[in-house]
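> Attaching a single structure in structure tokens format; questions to follow.
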There are 2 protein chains.
Amino acid sequence: MTWQFVSFPAAIIALLLALYFFNWVVQQERGSDKMEEIALAIREGTNAFLRSEYTILAIFVATMAVLLFVFLPSPVWSTGEPGKNVWLAVSYVLGSVFSGLAGVLGITVATRANVKVAHAAKDGLDKAFPIGFRGGAVMGLAVVGTSLLGIGVVYVLTKDPKMVLGFSFGASSVALFAKAGGGIYTKTADISADLVGKVELGIPEDDPRNPAVVADNVGDNVGDVAGMGADLFDSNVASIVAVMILGTALGKVEIPLVFAGLGVVASVLGTLTVRVGKSGDPGAALNMGTYATCAIFLAATLAASYYLHYDIRIWAATAVGLAAGIIIGTTSDYYTSADRTPVKKVAEASVTGTAINIITGFSYGLHSVFPPLMGIGVASLLAYKICEPIGEGYALFGVGMAALGMLAIVGMVVANDAYGPIVDNSRGIAGQAGLGDDVLRVTDHLDAAGNTAKAITKGFAIGAAGLTVIALLGAFKEVVRSATGQSVTFDLMNPVVLMGVLIGIALPAVFSAMLMLGVGRNAERMVAEIRRQFREIPGLRDGMPGAKPDYARCVDIATRGALHELLPPSILAIGLTLLVGFIGGIKALGGYLAGNIFSGLLLALLMANAGGLWDNTKKYIEAGAHGGTGSDAHKAAVVGDTVGDPFKDTAGPSLNTLITVVSLVASLSAGLIIKYALLK
Amino acid sequence: MTWQFVSFPAAIIALLLALYFFNWVVQQERGSDKMEEIALAIREGTNAFLRSEYTILAIFVATMAVLLFVFLPSPVWSTGEPGKNVWLAVSYVLGSVFSGLAGVLGITVATRANVKVAHAAKDGLDKAFPIGFRGGAVMGLAVVGTSLLGIGVVYVLTKDPKMVLGFSFGASSVALFAKAGGGIYTKTADISADLVGKVELGIPEDDPRNPAVVADNVGDNVGDVAGMGADLFDSNVASIVAVMILGTALGKVEIPLVFAGLGVVASVLGTLTVRVGKSGDPGAALNMGTYATCAIFLAATLAASYYLHYDIRIWAATAVGLAAGIIIGTTSDYYTSADRTPVKKVAEASVTGTAINIITGFSYGLHSVFPPLMGIGVASLLAYKICEPIGEGYALFGVGMAALGMLAIVGMVVANDAYGPIVDNSRGIAGQAGLGDDVLRVTDHLDAAGNTAKAITKGFAIGAAGLTVIALLGAFKEVVRSATGQSVTFDLMNPVVLMGVLIGIALPAVFSAMLMLGVGRNAERMVAEIRRQFREIPGLRDGMPGAKPDYARCVDIATRGALHELLPPSILAIGLTLLVGFIGGIKALGGYLAGNIFSGLLLALLMANAGGLWDNTKKYIEAGAHGGTGSDAHKAAVVGDTVGDPFKDTAGPSLNTLITVVSLVASLSAGLIIKYALLK
């Protein structure tokens with residue numbers, strides 16, 4: 001049980017450091033009353049969303065827990081071991097609670113750090129930066145700490161990696177709500193606020209008269225901080241549990257837990273290395289932190305492999321995963337970076353008109369899928385081939401370790417990612433509170449660094465998701481093998497598998513369509529409410545003193561609508577998976593999972609990169625190219641950016657979660673499907 | 001050799017009827033000199049494109065023929081049978097020549113029928129309709145006649161279905177040029193003419209002052225008539241050759257040839273049933289023709305199965321394919337039809353603005369992939385399960401027969417499809433020549449019928465392509481089996497296969513991106529030329545007598561550019577396939593082909609349906625909804641339509657051809673790859 005001496009201390013150290021950073025951030029000076037008032041509105045809106053979300057989530061989790069208890073791993077009336085059903089349900093609830101806790105901690109600090117960064121920016125970059133980074137690090141450390149702790153606790157109590165699948169499914173449920181629900185929320189608010197405020201009434205962005213302005217700011221926290229944290233919590237847990245299951249038959253469950261623990265230690269040390277001088281470069285500091293984390297992780301796992309007598313090939317597969325993550329991250333950057341060909345070409349195309357901007361941006365988005373898909377393919381092949389000589393079953397285990405390797409630095413990734421919206425929010429607060437150009441220059445600098453860091457960490461997240469779902473497919477195969485006693489293959493020329501693949505390919509497309517159409521419907525409701533307030537609240541449009549918009553009402557509409565629009569696609573995803581499984585059987589289900597991975601990766605990459613490309617094209621033009629703000633090129637670029645918004649912030653990022661949820665549902669219900677499927 | 005008594009007479013009857021229709025159309029009255037002048041310009045432009053295209057195509061075909069001779073089926077220096085190399089090269093050339101001939105015949109009659117339809121429209125619908133339909137039928141009958149004749153000739157001479165693969169590859173080469181090249185051409189001309197003419201100078205569509213107006217009209221013929229004909233020639237041949245290869249080991253090569261022959265007979269009889277009264281409904285007449293063809297085909301093949309003692313299950317699998325085609329056709333129609341929810345919702349969204357139009361249309365496009373993917377999956381599963389009990393190898397043979405069943409009525413499909421641009425062109429000529437409202441009403445009516453018929457036949461084409469490429473994958477597997485003596489499987493959990501799939505998924509995305517970016521670059525060149533002519537030709541802008549634009553120059557630029565932009569993606573497709581094969585081996589190549597099918601189908605369906613949806617949304621608004629022409633909603637819908645243009649007319653339809661080309665390259669070079677691949 002060596003792993004317990006690594007994982008538990010690592011998780012606890014991470015959580016302690018998170019708490020220390022949390023307190024440190026809270027103790028920083030809070031700025032003027034005006035700043036605090038703005039921040040408070042954002043904080044309250046965010047809390048309002050989280051309360052509603054967690055209420056519905058609690059009902060969802062309770063329902064699922066009852067279903068899990070009744071039916072899985074075997075129907076409770078038919079099994080001699082009802083205890084297993086209890087444990088699975090409990091693990092599921094624990095997974096959702098732990099993920100939820102990490103989210104609450106992260107968002108609490110993020111909605112406090114923003115105003116403090118703005119205040120500290122008065123004293124210079126070196127004062128403001130640590131608040132932003134440590135605020136983000138709270139989320140990063142909380143995610144890795146709670147996920148590892150939770151996995152450890154469930155595994156210690158049940159001694160069964162399949163029970164950890166339940167924990168993973170709990171985390172996925174939270175991620176689905178946070179990512180897809182948050183994604184619908186943030187774009188609803190963003191689009192509605194712009195449509196009525198900027199377009200219809202001509203009042204500026206972030207104007208306090210706009211009833212949707214708070215909802216808009218809330219959206220950033222909800223989508224980028226809470227959503228992203230839950231997403232990576234989910235991927236992290238899924239990758240660990242996949243390797244645990246693949247390692248069970250080999251007696252190697254220990255290795256993923258030890259390596260994951262060392263990853264947490266590396267993230268802890270990595271966050272401590274991040275610092276910046278008075279005239280330093282915060283972007284470089286963040287990237288240095290990422291590279292330091294990688295180096296520490298590789299050294300620590302190499303040492304562990306030596307002392308604990310793990311086969312060096314397993315370490316090599318892990319290293320391949322990490323290296324692939326870096327390569328994928330840097331190539332993805334090419335397609336969205338302002339100083340590269342794609343952004344420049346799309347900006348040029350914007351001069352010719354809106355349609356050409358859309359076509360060109362979409363084309364580069366299609367282009368951009370090649371390097372990461374190639375990278376994921378080559379990484380999984382290398383990992384497989386490296387570990388194949390160890391013995392039967394090790395090859396797939398190696399693929400899982402590569403995924404785990406990519407996710408080893410997840411603490412640092414989340415820290416960098418959560419830093420972004422904090423400094424972005426601080427810029428908004430500095431602007432609204434009128435802190436002047438010097439302060440804005442500092443917050444802009446901090447903001448730009450966040451975008452640079454994000455480009456690389458986003459590549460990691462995509463690559464890791466790709467390898468993780470492949471490992472999950474392997475875990476599904478292993479679950480089936482251990483249930484039936486014989487190995488199953490998914491031959492593409494088997495028509496049952498093929499039918500599964502074809503249906504599986506369609507799901508991510510339909511799922512993202514439903515989310516994006518949901519944004520549209522929800523925005524219609526919210527636009528009506530904003531118009532109503534401007535019409536019915538006397539003096540609001542003219543900004544008369546005392547005429548205050550009802551921010552809470554808009555937050556409420558965006559919240560309810562997001563959660564309302566989220567349920568149909570979620571139920572479709574779970575329902576279709578069970579339908580394919582119970583009608584087509586295990587072979588169809590295997591093909592279906594693969595199909596989900598194939599089109600999920602394709603669409604996620606396309607949407608994320610095209611969205612980022614359109615966003616940066618708009619910024620590139622706003623920085624002065626092709627006539628700058630107000631030019632025809634700019635107008636075209638604004639439309640492109642709006643099209644890209646739900647691509648990159650709603651549909652694209654939800655697809656990772658979708659694939660994970662679908663894979664977990666399949667693995668959890670594999671036993672039942674083997675027994676009761678129509679086609680065998 | 002029963003098949004010879006069916007296929008050859010059927011092919012010859014089809015060709016004779018095509019010639020009869022050709023002469024009949026040519027003998028119709030030609031209309032006024034003004035009309036003839038307009039028609040002549042279109043005809044000359046079309047011929048100019050075809051000349052350039054066939055010149056480059058000839059060089060390409062010659063190069064490929066030499067490469068085939070040198071390397072395939074085995075390097076000519078290493079084989080004891082150089083005769084096989086000669087035959088393969090000859091079959092390849094024959095395939096390209098036969099496909100080219102059908103294209104020339106079809107386009108020659110189409111560019112003559114258009115003006116005659118316009119002229120006959122003066123005497124009423126019942127006079128004009130037969131000219132349009134028979135003009136289209138020439139193409140349809142020529143396609144099925146020459147393809148079946150060519151296959152028959154090659155097979156009689158070589159007795160080797162693998163040589164027919166060469167014929168199929170020849171047809172694919174033409175299709176790649178006609179479909180992708182024609183697609184780039186038509187959108188280049190369309191976008192450039194609109195940008196300079198309508199947007200910059202404010203002159204109306206189809207104005208003879210616009211130097212690009214001829215190129216624009218030429219584009220319709222080049223893309224819709226020649227491109228579509230070559231595409232379906234290609235699919236038809238590929239489906240027949242795939243089943244021949246699958247049937248070789250079973251000794252059942254005869255069945256696909258007999259069934260395909262009966263399909264030709266059914267199309268011949270079907271075209272003869274199409275007629276319309278003075279106040280009849282041309283749309284219903286076209287659909288009746290399609291249904292009659294289906295019924296005749298089913299009855300004839302059932303009778304043949306009885307008399308020739310074919311297993312009835314094979315007939316049933318064929319019937320499943322045909323039925324699936326009809327179902328897919330009618331469901332696809334839902335997503336693009338003006339009286340259904342998607343078009344109405346996108347029109348509503350257009351009121352809110354351009355970005356929402358794009359997001360909503362794209363979302364419904366994503367939605368639309370579900371029914372056809374499901375249909376293809378279920379049809380292939382059914383066909384497989386129906387034929388499985390006959391014996392080993394029959395299951396995949398059944399899938400191939402289902403594809404052949406869908407394509408059985410291809411003669412009728414092409415006839416209906418080619419009818420569309422003929423009557424569309426006739427409407428343009430009637431408008432430009434000022435024939436008055438009564439005539440326009442008739443040509444509008446004819447045009448609308450073409451669109452209705454097209455909706456269903458398009459579904460056939462998509463479904464058939466899906467099943468055909470699955471059959472081609474089966475043929476690839478069979479080629480490998482017959483070369484190595486052992487059956488190969490493509491297990492999704494094999495990392496070599498998986499890597500192949502991941503790379504395969506990326507190719508259709510990158511390929512369509514290159515085509516669409518090519519349209520953009522080509523349009524830039526053409527816009528510059530149009531501006532130059534307006535600047536340098538005195539009096540052109542004001543329409544002074546004697547100031548004539550240089551139409552030929554624009555045609556030339558569009559032509560050269562299209563062919564120039566077509567080569568890099570084509571070479572990429574062939575090169576990447578060989579690279580994956582020679583590095584990753586047969587397993588990687590099988591995965592790669594499957595990946596191509598998966599993302600190719602997804603993207604083709606998405607692009608075709610989203611494009612059609614945007615197009616019909618614009619028309620729906622122009623018909624008066626949401627403020628009609630000139631309203632803000634209309635402006636948004638115009639942008640959506642322009643985005644959809646390269647989706648539905650360039651990238652989307654080229655993907656079928658891409659998948660076929662890639663599959664054929666793989667099957668043809670399988671022998672070499674087995675010997676020389678890096679990974680075995």
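Order determines the names: the first chain of the structure tokens is A, the second B, and so forth; residues in each chain are numbered 1 upward, and ligands are numbered 1 upward as they are shown.
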Residues of chain B within 7 Å of chain A, counting only C-alpha atoms, what are they? List them as JSON, numbers by chain.

{"B": [354, 355, 358, 359, 360, 363, 364, 366, 367, 369, 370, 373, 374, 377, 378, 380, 381, 384, 489, 490, 491, 492, 493, 495, 496, 498, 499, 502, 503, 506, 509, 510, 513, 516, 517, 599, 639, 642, 643]}

> Within segment 184-279 of chain A, find each residue whose DSSP state, derived from the backbone, is helix (DSSP H, G or I), and express the selection as a ChimeraX atom specification.

/A:184-201,213-248,254-273

> Give me the residues near Thr46 of chain B as JSON, numbers by chain, where near means some atom within 10 Å (using only C-alpha atoms) and where sequence neighbours in that chain fewer than 5 positions away do not count.

{"B": [40, 41, 51, 107, 108, 111, 214, 215, 217, 218, 219, 220, 221, 222, 226, 555, 559]}

> For Ala573 of chain A, which residue among A:Phe297, A:Lys587, A:Met401, A:Leu176 is the nearest when counting only C-alpha atoms?

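Nearest to Ala573 of chain A: A:Leu176.
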
> Identify, on the basis of only C-alpha atoms, every residue whose closest approach to Lys198 of chain B does not exceed 12 Å; exclude the query and any residue fewer than 4 positions from it along the same chain; express the result as a list in words.

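Result of the neighbour search: Asp190, Ile191, Ser192, Ala193, Asp194, Gly202, Ile203, Pro204, Glu205, Asp206, Asp207, Arg209, Asn210, Ala212 and Val213 of chain B.
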
> Report as a Markdown table: every residue of segment 357-473 of chain B with an atom at most 10 Å from segment 128-144 of chain B, its closest pair of atoms, and their distance in Å to one decimal, counting only C-alpha atoms, with rows sorted by chain and ascending residue number.


```
| residue | atom | partner | partner_atom | distance |
| --- | --- | --- | --- | --- |
| B:Ala408 | CA | B:Val144 | CA | 9.3 |
| B:Ile409 | CA | B:Val144 | CA | 9.3 |
| B:Val410 | CA | B:Val144 | CA | 7.2 |
| B:Gly411 | CA | B:Gly140 | CA | 4.4 |
| B:Met412 | CA | B:Gly140 | CA | 6.2 |
| B:Val413 | CA | B:Gly140 | CA | 7.2 |
| B:Val414 | CA | B:Gly140 | CA | 4.6 |
| B:Ala415 | CA | B:Ala137 | CA | 4.2 |
| B:Asn416 | CA | B:Gly136 | CA | 6.4 |
| B:Asp417 | CA | B:Gly136 | CA | 7.2 |
| B:Ala418 | CA | B:Gly136 | CA | 4.5 |
| B:Tyr419 | CA | B:Gly136 | CA | 4.4 |
| B:Gly420 | CA | B:Gly136 | CA | 8.0 |
| B:Pro421 | CA | B:Gly136 | CA | 8.9 |
| B:Ile422 | CA | B:Gly132 | CA | 6.2 |
| B:Val423 | CA | B:Gly132 | CA | 6.1 |
| B:Asp424 | CA | B:Gly132 | CA | 9.8 |
| B:Ser426 | CA | B:Gly132 | CA | 8.9 |
| B:Val442 | CA | B:Ala128 | CA | 8.3 |
| B:Thr443 | CA | B:Ala128 | CA | 8.3 |
| B:His445 | CA | B:Phe129 | CA | 9.8 |
| B:Leu446 | CA | B:Phe129 | CA | 6.9 |
| B:Asp447 | CA | B:Gly132 | CA | 9.9 |
| B:Gly450 | CA | B:Phe133 | CA | 9.6 |
```

> Selection from above, N, CA, C and O atoms, as a compact mmCIF listing (two decimals), in the first residue's frame, can you write it?


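The resulting file, out_17.txt, is reproduced below:
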```
# COMPACT_ATOMS: atom_id res chain seq x y z
N ALA B 408 -29.14 1.73 -57.71
CA ALA B 408 -29.75 1.09 -58.89
C ALA B 408 -30.49 2.11 -59.74
O ALA B 408 -30.53 2.01 -60.96
N ILE B 409 -31.07 3.11 -59.07
CA ILE B 409 -31.88 4.05 -59.82
C ILE B 409 -31.07 5.30 -60.18
O ILE B 409 -31.62 6.38 -60.40
N VAL B 410 -29.74 5.15 -60.23
CA VAL B 410 -28.88 6.32 -60.41
C VAL B 410 -29.17 7.05 -61.72
O VAL B 410 -29.04 8.27 -61.81
N GLY B 411 -29.59 6.30 -62.74
CA GLY B 411 -29.92 6.94 -64.02
C GLY B 411 -31.00 7.98 -63.83
O GLY B 411 -30.91 9.12 -64.33
N MET B 412 -32.02 7.60 -63.08
CA MET B 412 -33.13 8.51 -62.82
C MET B 412 -32.70 9.66 -61.93
O MET B 412 -33.13 10.81 -62.13
N VAL B 413 -31.84 9.35 -60.95
CA VAL B 413 -31.36 10.40 -60.03
C VAL B 413 -30.61 11.47 -60.80
O VAL B 413 -30.84 12.67 -60.63
N VAL B 414 -29.70 11.03 -61.68
CA VAL B 414 -28.93 12.00 -62.45
C VAL B 414 -29.84 12.78 -63.39
O VAL B 414 -29.68 14.00 -63.56
N ALA B 415 -30.82 12.09 -63.99
CA ALA B 415 -31.74 12.79 -64.90
C ALA B 415 -32.45 13.92 -64.15
O ALA B 415 -32.50 15.06 -64.63
N ASN B 416 -32.97 13.61 -62.96
CA ASN B 416 -33.65 14.65 -62.18
C ASN B 416 -32.71 15.76 -61.78
O ASN B 416 -33.08 16.94 -61.77
N ASP B 417 -31.49 15.38 -61.40
CA ASP B 417 -30.53 16.38 -60.93
C ASP B 417 -30.09 17.29 -62.06
O ASP B 417 -29.90 18.49 -61.85
N ALA B 418 -29.87 16.74 -63.24
CA ALA B 418 -29.40 17.55 -64.37
C ALA B 418 -30.53 18.42 -64.92
O ALA B 418 -30.29 19.47 -65.53
N TYR B 419 -31.76 17.96 -64.72
CA TYR B 419 -32.92 18.78 -65.12
C TYR B 419 -32.87 20.14 -64.43
O TYR B 419 -33.18 21.17 -65.05
N GLY B 420 -32.45 20.14 -63.15
CA GLY B 420 -32.43 21.37 -62.35
C GLY B 420 -31.68 22.52 -62.99
O GLY B 420 -32.26 23.57 -63.29
N PRO B 421 -30.36 22.39 -63.22
CA PRO B 421 -29.62 23.51 -63.80
C PRO B 421 -30.09 23.89 -65.20
O PRO B 421 -29.96 25.05 -65.60
N ILE B 422 -30.64 22.92 -65.96
CA ILE B 422 -31.14 23.27 -67.30
C ILE B 422 -32.29 24.27 -67.17
O ILE B 422 -32.28 25.34 -67.81
N VAL B 423 -33.28 23.96 -66.34
CA VAL B 423 -34.42 24.87 -66.24
C VAL B 423 -34.03 26.15 -65.49
O VAL B 423 -34.58 27.22 -65.76
N ASP B 424 -33.04 26.02 -64.58
CA ASP B 424 -32.54 27.20 -63.89
C ASP B 424 -31.91 28.16 -64.90
O ASP B 424 -32.18 29.37 -64.91
N SER B 426 -32.56 28.19 -68.05
CA SER B 426 -33.59 28.67 -68.98
C SER B 426 -34.32 29.88 -68.37
O SER B 426 -34.69 30.81 -69.07
N VAL B 442 -43.86 30.14 -66.07
CA VAL B 442 -43.64 28.73 -66.46
C VAL B 442 -42.26 28.25 -66.04
O VAL B 442 -42.10 27.19 -65.42
N THR B 443 -41.23 29.06 -66.34
CA THR B 443 -39.88 28.60 -65.99
C THR B 443 -39.69 28.53 -64.48
O THR B 443 -39.00 27.64 -63.98
N HIS B 445 -41.98 27.72 -62.36
CA HIS B 445 -42.67 26.50 -61.98
C HIS B 445 -41.77 25.28 -62.24
O HIS B 445 -41.63 24.38 -61.40
N LEU B 446 -41.13 25.29 -63.41
CA LEU B 446 -40.22 24.20 -63.75
C LEU B 446 -39.05 24.14 -62.77
O LEU B 446 -38.63 23.07 -62.34
N ASP B 447 -38.54 25.31 -62.42
CA ASP B 447 -37.39 25.42 -61.53
C ASP B 447 -37.73 24.87 -60.14
O ASP B 447 -36.96 24.10 -59.55
N GLY B 450 -37.69 21.22 -59.96
CA GLY B 450 -36.33 20.69 -59.90
C GLY B 450 -35.82 20.65 -58.47
O GLY B 450 -35.20 19.68 -58.05
```
